[in-house]
Number of protein chains: 2
Amino acid sequence: MALEHLFQGSALNAVDAKGRVSVPAFLRGVIERRGDARTIVLAKHDSFPALSAYDPAYAALMHAKLERLLEKEETSATAQLEYQQRNLMAFAASEEVPYDSSGRIVLPPMMRRKGGIEELALFLGTGETFQIWNPSLFLKDDRVPEDMKDIARYRLEERGLGA
Amino acid sequence: MALEHLFQGSALNAVDAKGRVSVPAFLRGVIERRGDARTIVLAKHDSFPALSAYDPAYAALMHAKLERLLEKEETSATAQLEYQQRNLMAFAASEEVPYDSSGRIVLPPMMRRKGGIEELALFLGTGETFQIWNPSLFLKDDRVPEDMKDIARYRLEERGLGA
DNA sequence: CCTCTTCCCATGAATTCCCATGAAATGGCA
DNA sequence: TGCCATTTCATGGGAATTCATGGGAAGAGG
């Protein structure tokens, strides 16, 4: 898996009363260079109380990869089961949402709940995918390195929302 | 990892009111020989109060290396977490910035803060990557060899900014 | 007929692009 | 080997564009 275009950088955007959020332009750029969709796929993150997001082209790639693993004969029964579940999660438990001409998506209510997202959305590039966090949950999570929290704090300050 | 083109040399450039800095031409040359991007990736340096910079191709290489590591390792919970953390640091804590036709980048405010960079930026080639320092911090740092500081002093004098 | 959603327009701030300049470096040519 | 002509660089300033965000109108569904 060597994707040419990787998601990186961070941004903190507002979620308005209608549940709309701007997807940062630098992330949209990657999405549009990877494929030509103006769409993102949202899913609950495996291990964090946040959302995982990526472009449809990446979703297709992941699907193909899982398929290949399933077809391998050496794959053990338990591994098979795990792949099945992953596949189920990746597709059934995800939603594809388009962004409009100004780059905004409407956060589907279920995703908003699963990601614990309120009035602010913290976008974090992680290479192949990116994450969307409620900044408060991010700052609370023990597993998040302190240096990363600094970034979140910086983004909050930038908006005049003191740490 | 044997990159053909290495970053070397030093330069001291001004940061203007808009946060713009010229990336020295000799560094841009290396970037463009390594790939064809006109873009650099900035990150806080691991151990110094400075920025670390490189080209997107190098970033992709690093990413691929991490991926390979993960696939070898057991997918234990701790290994997974470590992977997540590294990915966050490597991508969310970095920013990719393009340089314009005159070779300038805009230092993102967050990076400027993290690198402690004010009105002057000291560029130092270090082979696979290069560093960007606030020259005063560079001269203050105990870990920097005296010979290196001489280079910084020379660059400052060159500009009539006596040490 | 009412509600929820999608589309469209408005706006201020931030960012990018373009042009201009002088200094320095390079190259050519005598 | 010395001098002049070009080109490349770093840098400034202003104009034009993009971005994030708010609000309202139009449309779909119950």
# chains A, B, ... in the order shown; residues from 1 in each chain; ligands from 1
$ interface_residues --of "chain D" --to "chain B" --cutoff "12 Å" --atoms "only C-alpha atoms (C1' of nucleotides)" --output "mmCIF file with C-alpha atoms (C1' of nucleotides), in the first residue's frame"
data_model
loop_
_atom_site.group_PDB
_atom_site.id
_atom_site.type_symbol
_atom_site.label_atom_id
_atom_site.label_comp_id
_atom_site.auth_asym_id
_atom_site.auth_seq_id
_atom_site.Cartn_x
_atom_site.Cartn_y
_atom_site.Cartn_z
ATOM 1 C "C1'" DT D 8 19.106 33.855 -10.511
ATOM 2 C "C1'" DC D 9 17.827 35.032 -5.766
ATOM 3 C "C1'" DA D 10 15.744 36.992 -1.860
ATOM 4 C "C1'" DT D 11 12.465 40.243 -0.637
ATOM 5 C "C1'" DG D 12 8.583 43.895 -0.577
ATOM 6 C "C1'" DG D 13 3.835 45.354 -1.520
#
$ calpha_fit_and_write --fixed "chain A" --moving "chain B" --output "PDB file with C-alpha atoms, in the first residue's frame"
ATOM      1  CA  MET B   1       0.595   0.661   0.313  1.00  0.00           C
ATOM      2  CA  ALA B   2       2.372   3.789  -0.754  1.00  0.00           C
ATOM      3  CA  LEU B   3      -0.117   6.556  -1.307  1.00  0.00           C
ATOM      4  CA  GLU B   4       1.251   9.501  -3.066  1.00  0.00           C
ATOM      5  CA  HIS B   5      -0.793  12.111  -1.313  1.00  0.00           C
ATOM      6  CA  LEU B   6      -0.883  12.208   2.443  1.00  0.00           C
ATOM      7  CA  PHE B   7      -3.192  13.953   4.849  1.00  0.00           C
ATOM      8  CA  GLN B   8      -1.414  16.407   7.082  1.00  0.00           C
ATOM      9  CA  GLY B   9      -2.072  19.490   9.097  1.00  0.00           C
ATOM     10  CA  SER B  10      -4.734  20.456  11.582  1.00  0.00           C
ATOM     11  CA  ALA B  11      -7.807  22.650  11.790  1.00  0.00           C
ATOM     12  CA  LEU B  12     -10.663  23.392  14.118  1.00  0.00           C
ATOM     13  CA  ASN B  13     -14.057  23.992  12.540  1.00  0.00           C
ATOM     14  CA  ALA B  14     -17.545  24.682  13.834  1.00  0.00           C
ATOM     15  CA  VAL B  15     -20.410  22.217  13.637  1.00  0.00           C
ATOM     16  CA  ASP B  16     -23.601  24.166  12.995  1.00  0.00           C
ATOM     17  CA  ALA B  17     -27.150  23.490  14.111  1.00  0.00           C
ATOM     18  CA  LYS B  18     -27.804  21.268  11.125  1.00  0.00           C
ATOM     19  CA  GLY B  19     -24.767  19.151  11.890  1.00  0.00           C
ATOM     20  CA  ARG B  20     -22.737  20.615   9.061  1.00  0.00           C
ATOM     21  CA  VAL B  21     -18.946  21.042   9.167  1.00  0.00           C
ATOM     22  CA  SER B  22     -16.512  22.341   6.634  1.00  0.00           C
ATOM     23  CA  VAL B  23     -13.891  19.782   5.763  1.00  0.00           C
ATOM     24  CA  PRO B  24     -10.681  21.863   5.729  1.00  0.00           C
ATOM     25  CA  ALA B  25      -9.672  22.760   2.206  1.00  0.00           C
ATOM     26  CA  PHE B  26      -6.200  21.233   2.557  1.00  0.00           C
ATOM     27  CA  LEU B  27      -7.737  17.839   3.336  1.00  0.00           C
ATOM     28  CA  ARG B  28     -10.197  18.103   0.478  1.00  0.00           C
ATOM     29  CA  GLY B  29      -7.258  18.785  -1.790  1.00  0.00           C
ATOM     30  CA  VAL B  30      -5.704  15.448  -0.864  1.00  0.00           C
ATOM     31  CA  ILE B  31      -8.988  13.620  -1.334  1.00  0.00           C
ATOM     32  CA  GLU B  32      -9.444  15.027  -4.787  1.00  0.00           C
ATOM     33  CA  ARG B  33      -5.883  14.285  -5.795  1.00  0.00           C
ATOM     34  CA  ARG B  34      -6.202  10.691  -4.658  1.00  0.00           C
ATOM     35  CA  GLY B  35      -9.340  10.035  -6.651  1.00  0.00           C
ATOM     36  CA  ASP B  36     -11.935  12.280  -8.097  1.00  0.00           C
ATOM     37  CA  ALA B  37     -14.621  11.783  -5.512  1.00  0.00           C
ATOM     38  CA  ARG B  38     -15.945  14.659  -3.498  1.00  0.00           C
ATOM     39  CA  THR B  39     -16.796  12.316  -0.710  1.00  0.00           C
ATOM     40  CA  ILE B  40     -15.330  11.110   2.558  1.00  0.00           C
ATOM     41  CA  VAL B  41     -15.785   7.880   4.457  1.00  0.00           C
ATOM     42  CA  LEU B  42     -16.301   8.147   8.201  1.00  0.00           C
ATOM     43  CA  ALA B  43     -15.817   5.428  10.814  1.00  0.00           C
ATOM     44  CA  LYS B  44     -15.340   5.217  14.527  1.00  0.00           C
ATOM     45  CA  HIS B  45     -11.636   5.155  15.301  1.00  0.00           C
ATOM     46  CA  ASP B  46     -10.396   1.762  16.491  1.00  0.00           C
ATOM     47  CA  SER B  47      -8.862   2.924  19.705  1.00  0.00           C
ATOM     48  CA  PHE B  48      -9.682   6.590  20.278  1.00  0.00           C
ATOM     49  CA  PRO B  49     -12.970   8.282  21.089  1.00  0.00           C
ATOM     50  CA  ALA B  50     -12.870   9.991  17.725  1.00  0.00           C
ATOM     51  CA  LEU B  51     -13.666   9.458  14.066  1.00  0.00           C
ATOM     52  CA  SER B  52     -11.372   8.142  11.420  1.00  0.00           C
ATOM     53  CA  ALA B  53     -11.850   9.514   7.922  1.00  0.00           C
ATOM     54  CA  TYR B  54     -10.534   8.843   4.459  1.00  0.00           C
ATOM     55  CA  ASP B  55     -11.439   8.939   0.796  1.00  0.00           C
ATOM     56  CA  PRO B  56     -13.411   6.214  -1.025  1.00  0.00           C
ATOM     57  CA  ALA B  57     -10.360   5.178  -3.023  1.00  0.00           C
ATOM     58  CA  TYR B  58      -8.583   4.323   0.189  1.00  0.00           C
ATOM     59  CA  ALA B  59     -11.602   2.360   1.396  1.00  0.00           C
ATOM     60  CA  ALA B  60     -11.589   0.342  -1.822  1.00  0.00           C
ATOM     61  CA  LEU B  61      -7.883  -0.380  -1.373  1.00  0.00           C
ATOM     62  CA  MET B  62      -8.469  -1.664   2.132  1.00  0.00           C
ATOM     63  CA  HIS B  63     -11.268  -3.835   0.878  1.00  0.00           C
ATOM     64  CA  ALA B  64      -9.144  -5.341  -1.876  1.00  0.00           C
ATOM     65  CA  LYS B  65      -6.474  -6.107   0.669  1.00  0.00           C
ATOM     66  CA  LEU B  66      -8.935  -8.015   2.827  1.00  0.00           C
ATOM     67  CA  GLU B  67     -10.178  -9.933  -0.178  1.00  0.00           C
ATOM     68  CA  ARG B  68      -6.700 -11.039  -1.103  1.00  0.00           C
ATOM     69  CA  LEU B  69      -6.090 -12.199   2.427  1.00  0.00           C
ATOM     70  CA  LEU B  70      -9.207 -14.288   2.380  1.00  0.00           C
ATOM     71  CA  GLU B  71      -8.322 -15.966  -0.867  1.00  0.00           C
ATOM     72  CA  LYS B  72      -4.956 -17.065   0.463  1.00  0.00           C
ATOM     73  CA  GLU B  73      -6.193 -18.369   3.763  1.00  0.00           C
ATOM     74  CA  GLU B  74      -7.802 -21.713   4.149  1.00  0.00           C
ATOM     75  CA  THR B  75     -11.526 -21.365   3.908  1.00  0.00           C
ATOM     76  CA  SER B  76     -11.934 -22.776   7.364  1.00  0.00           C
ATOM     77  CA  ALA B  77     -15.104 -21.925   9.201  1.00  0.00           C
ATOM     78  CA  THR B  78     -13.314 -19.638  11.628  1.00  0.00           C
ATOM     79  CA  ALA B  79     -11.515 -17.796   8.847  1.00  0.00           C
ATOM     80  CA  GLN B  80     -14.821 -17.254   7.088  1.00  0.00           C
ATOM     81  CA  LEU B  81     -16.425 -15.903  10.199  1.00  0.00           C
ATOM     82  CA  GLU B  82     -13.591 -13.528  10.853  1.00  0.00           C
ATOM     83  CA  TYR B  83     -13.872 -12.283   7.320  1.00  0.00           C
ATOM     84  CA  GLN B  84     -17.599 -11.694   7.731  1.00  0.00           C
ATOM     85  CA  GLN B  85     -17.023  -9.779  10.912  1.00  0.00           C
ATOM     86  CA  ARG B  86     -14.322  -7.600   9.471  1.00  0.00           C
ATOM     87  CA  ASN B  87     -16.464  -6.817   6.487  1.00  0.00           C
ATOM     88  CA  LEU B  88     -19.343  -5.829   8.673  1.00  0.00           C
ATOM     89  CA  MET B  89     -17.166  -3.543  10.727  1.00  0.00           C
ATOM     90  CA  ALA B  90     -15.444  -2.054   7.730  1.00  0.00           C
ATOM     91  CA  PHE B  91     -18.599  -1.267   5.797  1.00  0.00           C
ATOM     92  CA  ALA B  92     -21.693  -1.362   7.946  1.00  0.00           C
ATOM     93  CA  ALA B  93     -19.978   0.604  10.681  1.00  0.00           C
ATOM     94  CA  SER B  94     -18.889   3.331   8.314  1.00  0.00           C
ATOM     95  CA  GLU B  95     -20.716   5.945   6.309  1.00  0.00           C
ATOM     96  CA  GLU B  96     -19.835   7.660   3.088  1.00  0.00           C
ATOM     97  CA  VAL B  97     -20.808  11.309   2.999  1.00  0.00           C
ATOM     98  CA  PRO B  98     -20.465  13.721   0.119  1.00  0.00           C
ATOM     99  CA  TYR B  99     -19.354  17.277   0.619  1.00  0.00           C
ATOM    100  CA  ASP B 100     -21.083  20.090  -1.179  1.00  0.00           C
ATOM    101  CA  SER B 101     -19.692  22.803  -3.358  1.00  0.00           C
ATOM    102  CA  SER B 102     -18.666  24.788  -0.319  1.00  0.00           C
ATOM    103  CA  GLY B 103     -16.801  21.805   1.115  1.00  0.00           C
ATOM    104  CA  ARG B 104     -19.184  20.897   3.908  1.00  0.00           C
ATOM    105  CA  ILE B 105     -20.379  17.510   5.033  1.00  0.00           C
ATOM    106  CA  VAL B 106     -23.301  16.714   7.270  1.00  0.00           C
ATOM    107  CA  LEU B 107     -22.061  14.663  10.190  1.00  0.00           C
ATOM    108  CA  PRO B 108     -24.413  11.704  10.407  1.00  0.00           C
ATOM    109  CA  PRO B 109     -25.972  11.651  13.893  1.00  0.00           C
ATOM    110  CA  MET B 110     -24.663   8.177  14.605  1.00  0.00           C
ATOM    111  CA  MET B 111     -21.112   9.192  13.793  1.00  0.00           C
ATOM    112  CA  ARG B 112     -21.496  12.323  15.781  1.00  0.00           C
ATOM    113  CA  ARG B 113     -22.434  10.230  18.763  1.00  0.00           C
ATOM    114  CA  LYS B 114     -19.696   7.661  18.244  1.00  0.00           C
ATOM    115  CA  GLY B 115     -17.077  10.348  17.920  1.00  0.00           C
ATOM    116  CA  GLY B 116     -18.477  12.326  20.840  1.00  0.00           C
ATOM    117  CA  ILE B 117     -18.511  15.385  18.636  1.00  0.00           C
ATOM    118  CA  GLU B 118     -20.381  18.485  19.766  1.00  0.00           C
ATOM    119  CA  GLU B 119     -20.050  22.033  18.436  1.00  0.00           C
ATOM    120  CA  LEU B 120     -16.407  21.866  17.432  1.00  0.00           C
ATOM    121  CA  ALA B 121     -14.532  19.429  15.229  1.00  0.00           C
ATOM    122  CA  LEU B 122     -10.761  19.109  15.347  1.00  0.00           C
ATOM    123  CA  PHE B 123      -9.292  17.744  12.121  1.00  0.00           C
ATOM    124  CA  LEU B 124      -5.900  16.054  12.293  1.00  0.00           C
ATOM    125  CA  GLY B 125      -4.052  14.686   9.289  1.00  0.00           C
ATOM    126  CA  THR B 126      -2.344  11.361   9.986  1.00  0.00           C
ATOM    127  CA  GLY B 127      -0.970  10.385   6.590  1.00  0.00           C
ATOM    128  CA  GLU B 128      -3.122   7.778   4.953  1.00  0.00           C
ATOM    129  CA  THR B 129      -6.183   8.913   6.869  1.00  0.00           C
ATOM    130  CA  PHE B 130      -7.219  11.782   9.069  1.00  0.00           C
ATOM    131  CA  GLN B 131      -9.060  12.015  12.371  1.00  0.00           C
ATOM    132  CA  ILE B 132     -11.924  14.116  13.610  1.00  0.00           C
ATOM    133  CA  TRP B 133     -12.061  14.816  17.334  1.00  0.00           C
ATOM    134  CA  ASN B 134     -14.088  16.662  19.859  1.00  0.00           C
ATOM    135  CA  PRO B 135     -11.285  18.954  21.038  1.00  0.00           C
ATOM    136  CA  SER B 136     -12.231  18.534  24.700  1.00  0.00           C
ATOM    137  CA  LEU B 137     -11.951  14.766  24.463  1.00  0.00           C
ATOM    138  CA  PHE B 138      -8.643  15.211  22.731  1.00  0.00           C
ATOM    139  CA  LEU B 139      -7.272  17.347  25.542  1.00  0.00           C
ATOM    140  CA  LYS B 140      -8.545  14.904  28.137  1.00  0.00           C
ATOM    141  CA  ASP B 141      -7.064  11.779  26.604  1.00  0.00           C
ATOM    142  CA  ASP B 142      -3.976  10.472  28.415  1.00  0.00           C
ATOM    143  CA  ARG B 143      -2.650   8.763  25.349  1.00  0.00           C
ATOM    144  CA  VAL B 144      -2.302  11.996  23.401  1.00  0.00           C
ATOM    145  CA  PRO B 145       1.209  13.497  23.581  1.00  0.00           C
ATOM    146  CA  GLU B 146       1.449  16.923  25.159  1.00  0.00           C
ATOM    147  CA  ASP B 147       2.860  18.445  21.986  1.00  0.00           C
ATOM    148  CA  MET B 148      -0.238  17.411  20.106  1.00  0.00           C
ATOM    149  CA  LYS B 149      -2.440  18.921  22.753  1.00  0.00           C
ATOM    150  CA  ASP B 150      -0.575  22.183  22.292  1.00  0.00           C
ATOM    151  CA  ILE B 151      -1.761  22.211  18.725  1.00  0.00           C
ATOM    152  CA  ALA B 152      -5.331  21.760  19.854  1.00  0.00           C
ATOM    153  CA  ARG B 153      -4.930  24.515  22.429  1.00  0.00           C
ATOM    154  CA  TYR B 154      -3.514  26.796  19.811  1.00  0.00           C
ATOM    155  CA  ARG B 155      -6.459  26.170  17.499  1.00  0.00           C
ATOM    156  CA  LEU B 156      -8.840  26.884  20.331  1.00  0.00           C
ATOM    157  CA  GLU B 157      -7.143  30.149  21.257  1.00  0.00           C
ATOM    158  CA  GLU B 158      -7.162  31.178  17.644  1.00  0.00           C
ATOM    159  CA  ARG B 159     -10.923  31.152  17.908  1.00  0.00           C
ATOM    160  CA  GLY B 160     -10.952  32.983  21.165  1.00  0.00           C
ATOM    161  CA  LEU B 161     -12.050  29.835  22.943  1.00  0.00           C
ATOM    162  CA  GLY B 162      -9.440  29.913  25.674  1.00  0.00           C
ATOM    163  CA  ALA B 163      -8.231  26.464  26.658  1.00  0.00           C
TER     164      ALA B 163
END
$ select_by_dssp --residues "chain A" --states "strand (DSSP E or B)" --output "number ranges by chain"
A: 7, 10-14, 20-22, 39-44, 51-54, 94-98, 104-106, 120-125, 127, 130-133
$ write_last_selection --atoms "N, CA and C atoms" --output "compact mmCIF listing (two decimals), in the first residue's frame"
# COMPACT_ATOMS: atom_id res chain seq x y z
N PHE A 7 -2.79 12.23 3.96
CA PHE A 7 -3.45 13.25 4.76
C PHE A 7 -2.52 13.71 5.86
N SER A 10 -3.49 19.61 10.69
CA SER A 10 -4.58 19.63 11.66
C SER A 10 -5.38 20.91 11.51
N ALA A 11 -6.63 20.87 11.92
CA ALA A 11 -7.48 22.06 11.89
C ALA A 11 -8.65 21.86 12.83
N LEU A 12 -9.17 22.98 13.31
CA LEU A 12 -10.31 22.94 14.21
C LEU A 12 -11.42 23.77 13.58
N ASN A 13 -12.53 23.14 13.25
CA ASN A 13 -13.62 23.87 12.62
C ASN A 13 -14.92 23.80 13.43
N ALA A 14 -15.79 24.76 13.18
CA ALA A 14 -17.05 24.82 13.91
C ALA A 14 -18.11 23.92 13.28
N ARG A 20 -23.53 21.21 10.12
CA ARG A 20 -22.57 21.33 9.02
C ARG A 20 -21.16 21.63 9.53
N VAL A 21 -20.17 21.09 8.86
CA VAL A 21 -18.76 21.39 9.15
C VAL A 21 -18.00 21.53 7.85
N SER A 22 -17.10 22.46 7.80
CA SER A 22 -16.18 22.56 6.67
C SER A 22 -15.12 21.50 6.82
N THR A 39 -16.41 13.54 -1.90
CA THR A 39 -17.15 12.74 -0.94
C THR A 39 -16.19 12.18 0.10
N ILE A 40 -16.64 12.07 1.35
CA ILE A 40 -15.81 11.37 2.32
C ILE A 40 -16.61 10.25 2.98
N VAL A 41 -15.87 9.24 3.42
CA VAL A 41 -16.48 8.11 4.11
C VAL A 41 -16.17 8.25 5.60
N LEU A 42 -17.21 8.15 6.41
CA LEU A 42 -17.05 8.29 7.86
C LEU A 42 -17.32 6.96 8.55
N ALA A 43 -16.54 6.68 9.58
CA ALA A 43 -16.76 5.48 10.38
C ALA A 43 -16.30 5.75 11.80
N LYS A 44 -16.82 5.02 12.72
CA LYS A 44 -16.32 5.12 14.10
C LYS A 44 -14.89 4.60 14.10
N LEU A 51 -14.04 9.83 15.06
CA LEU A 51 -14.38 9.29 13.75
C LEU A 51 -13.13 9.11 12.90
N SER A 52 -13.21 8.12 12.05
CA SER A 52 -12.16 7.88 11.10
C SER A 52 -12.74 8.26 9.74
N ALA A 53 -11.96 8.91 8.91
CA ALA A 53 -12.50 9.37 7.63
C ALA A 53 -11.50 9.17 6.50
N TYR A 54 -12.04 8.96 5.32
CA TYR A 54 -11.18 8.77 4.16
C TYR A 54 -12.00 8.95 2.90
N SER A 94 -20.45 2.41 8.23
CA SER A 94 -19.85 3.66 7.76
C SER A 94 -20.85 4.40 6.90
N GLU A 95 -20.64 5.66 6.72
CA GLU A 95 -21.53 6.44 5.88
C GLU A 95 -20.71 7.28 4.91
N GLU A 96 -21.21 7.37 3.71
CA GLU A 96 -20.53 8.19 2.72
C GLU A 96 -21.28 9.50 2.60
N VAL A 97 -20.61 10.60 2.80
CA VAL A 97 -21.29 11.88 2.70
C VAL A 97 -20.56 12.81 1.73
N PRO A 98 -21.33 13.47 0.87
CA PRO A 98 -20.73 14.38 -0.10
C PRO A 98 -20.48 15.73 0.56
N ARG A 104 -18.38 21.85 2.64
CA ARG A 104 -18.97 21.39 3.90
C ARG A 104 -19.71 20.08 3.78
N ILE A 105 -19.64 19.28 4.84
CA ILE A 105 -20.47 18.09 4.93
C ILE A 105 -21.51 18.32 6.02
N VAL A 106 -22.55 17.53 6.00
CA VAL A 106 -23.48 17.49 7.12
C VAL A 106 -23.13 16.24 7.91
N LEU A 120 -17.48 21.64 18.06
CA LEU A 120 -16.18 21.81 17.43
C LEU A 120 -15.67 20.47 16.92
N ALA A 121 -15.05 20.52 15.76
CA ALA A 121 -14.51 19.29 15.18
C ALA A 121 -13.02 19.47 14.90
N LEU A 122 -12.23 18.61 15.50
CA LEU A 122 -10.78 18.65 15.32
C LEU A 122 -10.38 17.63 14.26
N PHE A 123 -9.83 18.13 13.18
CA PHE A 123 -9.40 17.26 12.08
C PHE A 123 -7.92 16.97 12.20
N LEU A 124 -7.56 15.70 12.12
CA LEU A 124 -6.15 15.31 12.24
C LEU A 124 -5.76 14.35 11.13
N GLY A 125 -4.81 14.75 10.33
CA GLY A 125 -4.33 13.87 9.27
C GLY A 125 -3.50 12.74 9.86
N GLY A 127 -2.08 10.21 7.57
CA GLY A 127 -1.52 9.48 6.43
C GLY A 127 -2.57 8.96 5.48
N PHE A 130 -7.83 10.21 7.86
CA PHE A 130 -7.74 11.27 8.88
C PHE A 130 -8.80 11.02 9.94
N GLN A 131 -8.66 11.73 11.05
CA GLN A 131 -9.59 11.53 12.16
C GLN A 131 -10.34 12.81 12.46
N ILE A 132 -11.53 12.65 13.02
CA ILE A 132 -12.31 13.81 13.44
C ILE A 132 -12.68 13.60 14.91
N TRP A 133 -12.26 14.54 15.74
CA TRP A 133 -12.43 14.43 17.19
C TRP A 133 -13.24 15.58 17.76
$ residues_around --residues "DT16 (chain C)" --least-positions-apart "4" --cutoff "9 Å" --atoms "only C-alpha atoms (C1' of nucleotides)" --output "list in words"
Asp100 of chain B; DA16, DT17 and DT18 of chain D
$ interface_residues --of "chain C" --to "chain A" --cutoff "12 Å" --atoms "only C-alpha atoms (C1' of nucleotides)" --output "list in words"
DC4, DT5, DT6, DC7, DC8, DC9 and DT15 of chain C
$ atom_distance --atom1 "C1' of DT26 (chain C)" --atom2 "C1' of DT7 (chain D)"
7.4 Å
$ atom_distance --atom1 "C1' of DG14 (chain D)" --atom2 "C1' of DG22 (chain C)"
19.1 Å
